[in-house]
Each structure stands twice: as C-alpha cells, then as structure tokens.
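Reviewing the structure listed below.
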Amino acid sequence: MAKKEHISETPATQMLRKHGVAFSEHPYPYEEHGGTGVSARALGVPEHQVVKTLVMQDEAGKPLIVLMHGDCKVSTKNLARAIGCKSVEPCKPEVAQRHSGYQIGGTSPFGTRKILPLYVEDSILALETIYINGGRRGYLVGLAPRVLGDLLGARPVHCALAE
C-alpha cells in the first residue's frame with residue numbers, strides 16, 4: 001500500500017492540503033443525533049461558530065449544499081427565494097450521501113463526490129474562525145470562513161432562523 005498513512009486524511013483534508021489552506025484538526029467523541037451542540041461543547045467553542053453542512057434539493061430534485069450556523073435552522077422559504085427556486089427541501093439521508101460521498105454526520109463541503117452549488121449563511125463569513133466537518137463523524141476542522149468563497153465559490157445568502 002503506497003497510500004500515505006495519516007489518521008485524519010479524508011477527501012476534505014486532501015483538498016484543503018492540496019490548495020495550501022491552513023486549518024486545525026479537532027477530533028471529538030461523535031454522538032448519534034448529537035448535532036453541533038455536542039461538537040461545540042467537546043471543542044469548547046460557541047455553537048454559532050460550528051457550521052453545519054446540509055445537502056438539500058430544489059423542486060426539480062437538483063442537489064445543493066447550504067452551510068449554516070450550528071445554533072440556527074435554514075428557512076427553506078427564504079433560501080428558495082434567495083436562489084431563485086420555487087422550493088428547497090432537505091435530501092433524504094441516502095440521497096445526500098450519494099451526492100456528497102460522505103456519511104450523514106460526517107458531511108463536509110470540501111472534497112464532495114460531485115461539485116454542487118454551495119450557499120453560505122452570510123453572517124458565517126463575518127466570523128474569525130469556523131469549525132466545519134472535516135469529512136467524517138467526530139472530526140471538525142477549524143479555518144477562516146473566507147476559504148468557503150475562495151476555494152468553493154460559496155455564495156452568501158440570508159436564510160437563518162434562530163433555533
């Protein structure tokens with residue numbers, strides 16, 4: 001096996017390293033259905049800085065990714081309006097996994113199987129550091145939010161609802 005042995009190597013970290021992106025690695029004990037509250041507590045950071053990667057689809061079934069603060073929900077109505085669609089809804093877990101190539105609970109916007117349109121809640125871009133999934137359950141990476149636009153072409157939208 002000529003594969004480079006690195007405990008936290010995922011398609012996401014491979015992409016980040018390939019593009020020279022500075023990031024910190026943050027493994028934590030994953031809890032099924034624990035959400036961003038669990039990871040925020042484990043890392044000792046505000047849940048607002050932990051960013052969820054949500055795979056959704058428009059009315060035609062076309063997939064897209066939305067990045068949202070851990071302590072907020074997506075207003076699908078506002079998102080649809082912002083991106084010029086009739087409606088947006090979350091994908092079923094198996095469909096999301098097929099589009100992203102990642103297991104639910106470990107979805108990263110970096111290194112997805114298919115290149116999907118990517119939208120980011122605009123207030124995320126104002127944070128100094130964000131913690132976002134690094135490509136597997138129980139593993140976040142910390143990085144500057146500008147990477148989302150610079151590397152992934154994420155388009156800012158305003159669709160957050162407080163939880």
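Within each chain, counting starts at residue 1; across the structure tokens, chains are named A, B, ... in the order shown, with ligands numbered 1 upward in that order.
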
Using only C-alpha atoms, which protein or nucleic acid residues come within 7 Å of Ser100 in chain A? Drop anything in the same chain fewer than 6 positions from it, and give the result as a list in words.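 The filter keeps Thr112, Arg113 and Lys114 of chain A.
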
Please dump the current selection as a PDB file, in the first residue's frame; keep C-alpha atoms.
```
ATOM      1  CA  THR A 112     -17.535  16.202  -2.292  1.00  0.00           C
ATOM      2  CA  ARG A 113     -18.130  13.428  -4.813  1.00  0.00           C
ATOM      3  CA  LYS A 114     -19.954  15.845  -7.142  1.00  0.00           C
TER       4      LYS A 114
END
```

Find the residues near Val21 in chain A: any atom within 9 Å, counting only C-alpha atoms, skip ones fewer than 5 places away on the same chain, and give them as a ChimeraX atom specification. /A:15-16,143,147,151

Export, as a PDB file, in the first residue's frame, the selected residues with N, CA and C atoms.
```pdb
ATOM      1  N   MET A  15      -8.211  17.833  -0.059  1.00  0.00           N
ATOM      2  CA  MET A  15      -8.475  19.032  -0.862  1.00  0.00           C
ATOM      3  C   MET A  15      -7.863  20.269  -0.198  1.00  0.00           C
ATOM      4  N   LEU A  16      -8.063  20.402   1.109  1.00  0.00           N
ATOM      5  CA  LEU A  16      -7.527  21.557   1.831  1.00  0.00           C
ATOM      6  C   LEU A  16      -5.998  21.601   1.741  1.00  0.00           C
ATOM      7  N   LEU A 143     -11.029  26.740  10.405  1.00  0.00           N
ATOM      8  CA  LEU A 143     -10.401  27.533   9.346  1.00  0.00           C
ATOM      9  C   LEU A 143     -11.075  28.887   9.208  1.00  0.00           C
ATOM     10  N   VAL A 147     -12.259  30.981   3.131  1.00  0.00           N
ATOM     11  CA  VAL A 147     -11.917  29.795   2.328  1.00  0.00           C
ATOM     12  C   VAL A 147     -13.157  29.287   1.584  1.00  0.00           C
ATOM     13  N   LEU A 151     -12.165  29.053  -2.163  1.00  0.00           N
ATOM     14  CA  LEU A 151     -11.908  27.706  -2.669  1.00  0.00           C
ATOM     15  C   LEU A 151     -13.141  27.044  -3.269  1.00  0.00           C
TER      16      LEU A 151
END
```

So that I can check the surroundings of range 126-135 of chain A, please list as a list of chain:residue names every protein, DNA and RNA residue that reaches within 6 Å of it, counting only C-alpha atoms and ignoring chain neighbours fewer than 5 positions away.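 Counting only the stated atoms, we get A:Thr10, A:Ala12, A:Gln49, A:Val50, A:Val51, A:Gly106, A:Thr107, A:Ser108, A:Leu140, A:Val141, A:Gly142, A:Leu143, A:Ala144.
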
Okay, now the selection with all heavy atoms, as a PDB file, in the first residue's frame?
```
ATOM      1  N   THR A  10      -8.994  12.610   4.821  1.00  0.00           N
ATOM      2  CA  THR A  10     -10.309  12.414   4.197  1.00  0.00           C
ATOM      3  C   THR A  10     -10.262  13.156   2.866  1.00  0.00           C
ATOM      4  O   THR A  10      -9.333  13.943   2.638  1.00  0.00           O
ATOM      5  CB  THR A  10     -11.437  13.034   5.061  1.00  0.00           C
ATOM      6  OG1 THR A  10     -11.266  14.452   5.096  1.00  0.00           O
ATOM      7  CG2 THR A  10     -11.455  12.486   6.487  1.00  0.00           C
ATOM      8  N   ALA A  12     -11.866  15.667   2.188  1.00  0.00           N
ATOM      9  CA  ALA A  12     -11.897  17.086   2.577  1.00  0.00           C
ATOM     10  C   ALA A  12     -10.503  17.587   2.941  1.00  0.00           C
ATOM     11  O   ALA A  12     -10.058  18.628   2.447  1.00  0.00           O
ATOM     12  CB  ALA A  12     -12.853  17.293   3.755  1.00  0.00           C
ATOM     13  N   GLN A  49     -20.240  29.151  16.012  1.00  0.00           N
ATOM     14  CA  GLN A  49     -19.056  29.036  15.162  1.00  0.00           C
ATOM     15  C   GLN A  49     -18.932  27.661  14.506  1.00  0.00           C
ATOM     16  O   GLN A  49     -18.097  27.477  13.631  1.00  0.00           O
ATOM     17  CB  GLN A  49     -17.784  29.300  15.979  1.00  0.00           C
ATOM     18  CG  GLN A  49     -17.519  30.766  16.220  1.00  0.00           C
ATOM     19  CD  GLN A  49     -16.207  30.943  16.953  1.00  0.00           C
ATOM     20  OE1 GLN A  49     -16.189  31.073  18.168  1.00  0.00           O
ATOM     21  NE2 GLN A  49     -15.122  30.933  16.214  1.00  0.00           N
ATOM     22  N   VAL A  50     -19.736  26.702  14.957  1.00  0.00           N
ATOM     23  CA  VAL A  50     -19.734  25.373  14.351  1.00  0.00           C
ATOM     24  C   VAL A  50     -20.719  25.419  13.189  1.00  0.00           C
ATOM     25  O   VAL A  50     -21.874  25.811  13.353  1.00  0.00           O
ATOM     26  CB  VAL A  50     -20.129  24.283  15.375  1.00  0.00           C
ATOM     27  CG1 VAL A  50     -20.165  22.916  14.708  1.00  0.00           C
ATOM     28  CG2 VAL A  50     -19.158  24.280  16.549  1.00  0.00           C
ATOM     29  N   VAL A  51     -20.247  25.060  12.009  1.00  0.00           N
ATOM     30  CA  VAL A  51     -21.054  25.207  10.798  1.00  0.00           C
ATOM     31  C   VAL A  51     -21.540  23.843  10.308  1.00  0.00           C
ATOM     32  O   VAL A  51     -20.743  22.914  10.138  1.00  0.00           O
ATOM     33  CB  VAL A  51     -20.232  25.923   9.691  1.00  0.00           C
ATOM     34  CG1 VAL A  51     -21.000  25.983   8.391  1.00  0.00           C
ATOM     35  CG2 VAL A  51     -19.852  27.326  10.160  1.00  0.00           C
ATOM     36  N   GLY A 106     -21.066  13.303   8.873  1.00  0.00           N
ATOM     37  CA  GLY A 106     -19.665  13.495   8.515  1.00  0.00           C
ATOM     38  C   GLY A 106     -19.517  14.242   7.202  1.00  0.00           C
ATOM     39  O   GLY A 106     -18.485  14.169   6.545  1.00  0.00           O
ATOM     40  N   THR A 107     -20.583  14.959   6.791  1.00  0.00           N
ATOM     41  CA  THR A 107     -20.569  15.651   5.502  1.00  0.00           C
ATOM     42  C   THR A 107     -19.757  16.939   5.570  1.00  0.00           C
ATOM     43  O   THR A 107     -19.990  17.781   6.420  1.00  0.00           O
ATOM     44  CB  THR A 107     -22.004  15.982   5.048  1.00  0.00           C
ATOM     45  OG1 THR A 107     -22.775  14.771   5.026  1.00  0.00           O
ATOM     46  CG2 THR A 107     -22.020  16.602   3.660  1.00  0.00           C
ATOM     47  N   SER A 108     -18.828  17.060   4.641  1.00  0.00           N
ATOM     48  CA  SER A 108     -18.009  18.258   4.518  1.00  0.00           C
ATOM     49  C   SER A 108     -18.302  18.908   3.169  1.00  0.00           C
ATOM     50  O   SER A 108     -18.598  18.201   2.200  1.00  0.00           O
ATOM     51  CB  SER A 108     -16.526  17.880   4.581  1.00  0.00           C
ATOM     52  OG  SER A 108     -15.715  19.022   4.384  1.00  0.00           O
ATOM     53  N   LEU A 140     -13.899  17.738  13.174  1.00  0.00           N
ATOM     54  CA  LEU A 140     -14.092  19.067  12.608  1.00  0.00           C
ATOM     55  C   LEU A 140     -12.736  19.672  12.260  1.00  0.00           C
ATOM     56  O   LEU A 140     -11.716  19.305  12.842  1.00  0.00           O
ATOM     57  CB  LEU A 140     -14.801  19.996  13.603  1.00  0.00           C
ATOM     58  CG  LEU A 140     -16.204  19.622  14.065  1.00  0.00           C
ATOM     59  CD1 LEU A 140     -16.756  20.689  15.001  1.00  0.00           C
ATOM     60  CD2 LEU A 140     -17.140  19.401  12.908  1.00  0.00           C
ATOM     61  N   VAL A 141     -12.743  20.597  11.308  1.00  0.00           N
ATOM     62  CA  VAL A 141     -11.556  21.384  11.005  1.00  0.00           C
ATOM     63  C   VAL A 141     -11.889  22.849  11.279  1.00  0.00           C
ATOM     64  O   VAL A 141     -13.014  23.288  11.036  1.00  0.00           O
ATOM     65  CB  VAL A 141     -11.058  21.191   9.544  1.00  0.00           C
ATOM     66  CG1 VAL A 141     -10.535  19.778   9.338  1.00  0.00           C
ATOM     67  CG2 VAL A 141     -12.120  21.526   8.511  1.00  0.00           C
ATOM     68  N   GLY A 142     -10.913  23.559  11.809  1.00  0.00           N
ATOM     69  CA  GLY A 142     -11.068  24.990  12.070  1.00  0.00           C
ATOM     70  C   GLY A 142     -10.347  25.751  10.978  1.00  0.00           C
ATOM     71  O   GLY A 142      -9.204  25.421  10.637  1.00  0.00           O
ATOM     72  N   LEU A 143     -11.029  26.740  10.405  1.00  0.00           N
ATOM     73  CA  LEU A 143     -10.401  27.533   9.346  1.00  0.00           C
ATOM     74  C   LEU A 143     -11.075  28.887   9.208  1.00  0.00           C
ATOM     75  O   LEU A 143     -12.110  29.144   9.820  1.00  0.00           O
ATOM     76  CB  LEU A 143     -10.416  26.774   8.018  1.00  0.00           C
ATOM     77  CG  LEU A 143     -11.683  26.034   7.556  1.00  0.00           C
ATOM     78  CD1 LEU A 143     -12.707  26.975   7.005  1.00  0.00           C
ATOM     79  CD2 LEU A 143     -11.311  25.015   6.507  1.00  0.00           C
ATOM     80  N   ALA A 144     -10.475  29.745   8.406  1.00  0.00           N
ATOM     81  CA  ALA A 144     -11.045  31.069   8.145  1.00  0.00           C
ATOM     82  C   ALA A 144     -12.223  30.916   7.186  1.00  0.00           C
ATOM     83  O   ALA A 144     -12.116  30.198   6.183  1.00  0.00           O
ATOM     84  CB  ALA A 144      -9.987  31.981   7.535  1.00  0.00           C
TER      85      ALA A 144
END
```

Would you please work out which residue, of A:Ser123, A:Gln103, A:Ser75, A:Gln57, is nearest to Cys91 in chain A when using only C-alpha atoms?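 Using only C-alpha atoms, Cys91 in chain A sits closest to A:Gln57.
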
Nearest to Leu152 in chain A by atom-to-atom distance, counting only C-alpha atoms, from A:Lys73, A:His19, A:His26, A:Lys92: A:His19

Among the residues of range 10-145 of chain A, find those DSSP assigns to strand (DSSP E) from the backbone and print them as an MDAnalysis selection string. chainID A and resid 24:27 50:58 63:69 72:74 88:90 118:121 130:136 139:143

Gap from CA of Asp58 in chain A to CA of Ala80 in chain A - Å, one decimal: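 We find that CA of Asp58 in chain A and CA of Ala80 in chain A lie 7.7 Å from each other.
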
Which residues come within 6 Å of range 137-139 of chain A, counting only C-alpha atoms, excluding same-chain residues fewer than 5 positions away, as a list in words? His26, Pro27, Tyr28, Pro29, Tyr30, Gly105 and Gly106 of chain A

I need the residues of chain A that end up classed as alpha helix (DSSP H) by DSSP on the backbone, written out as a ChimeraX atom specification. /A:11-18,35-43,76-83,93-100,146-152

So, with only C-alpha atoms as the atoms that count, which of A:Pro11, A:Pro145, A:Gly70, A:Gly61 lies closest to Gly34 in chain A? A:Gly70
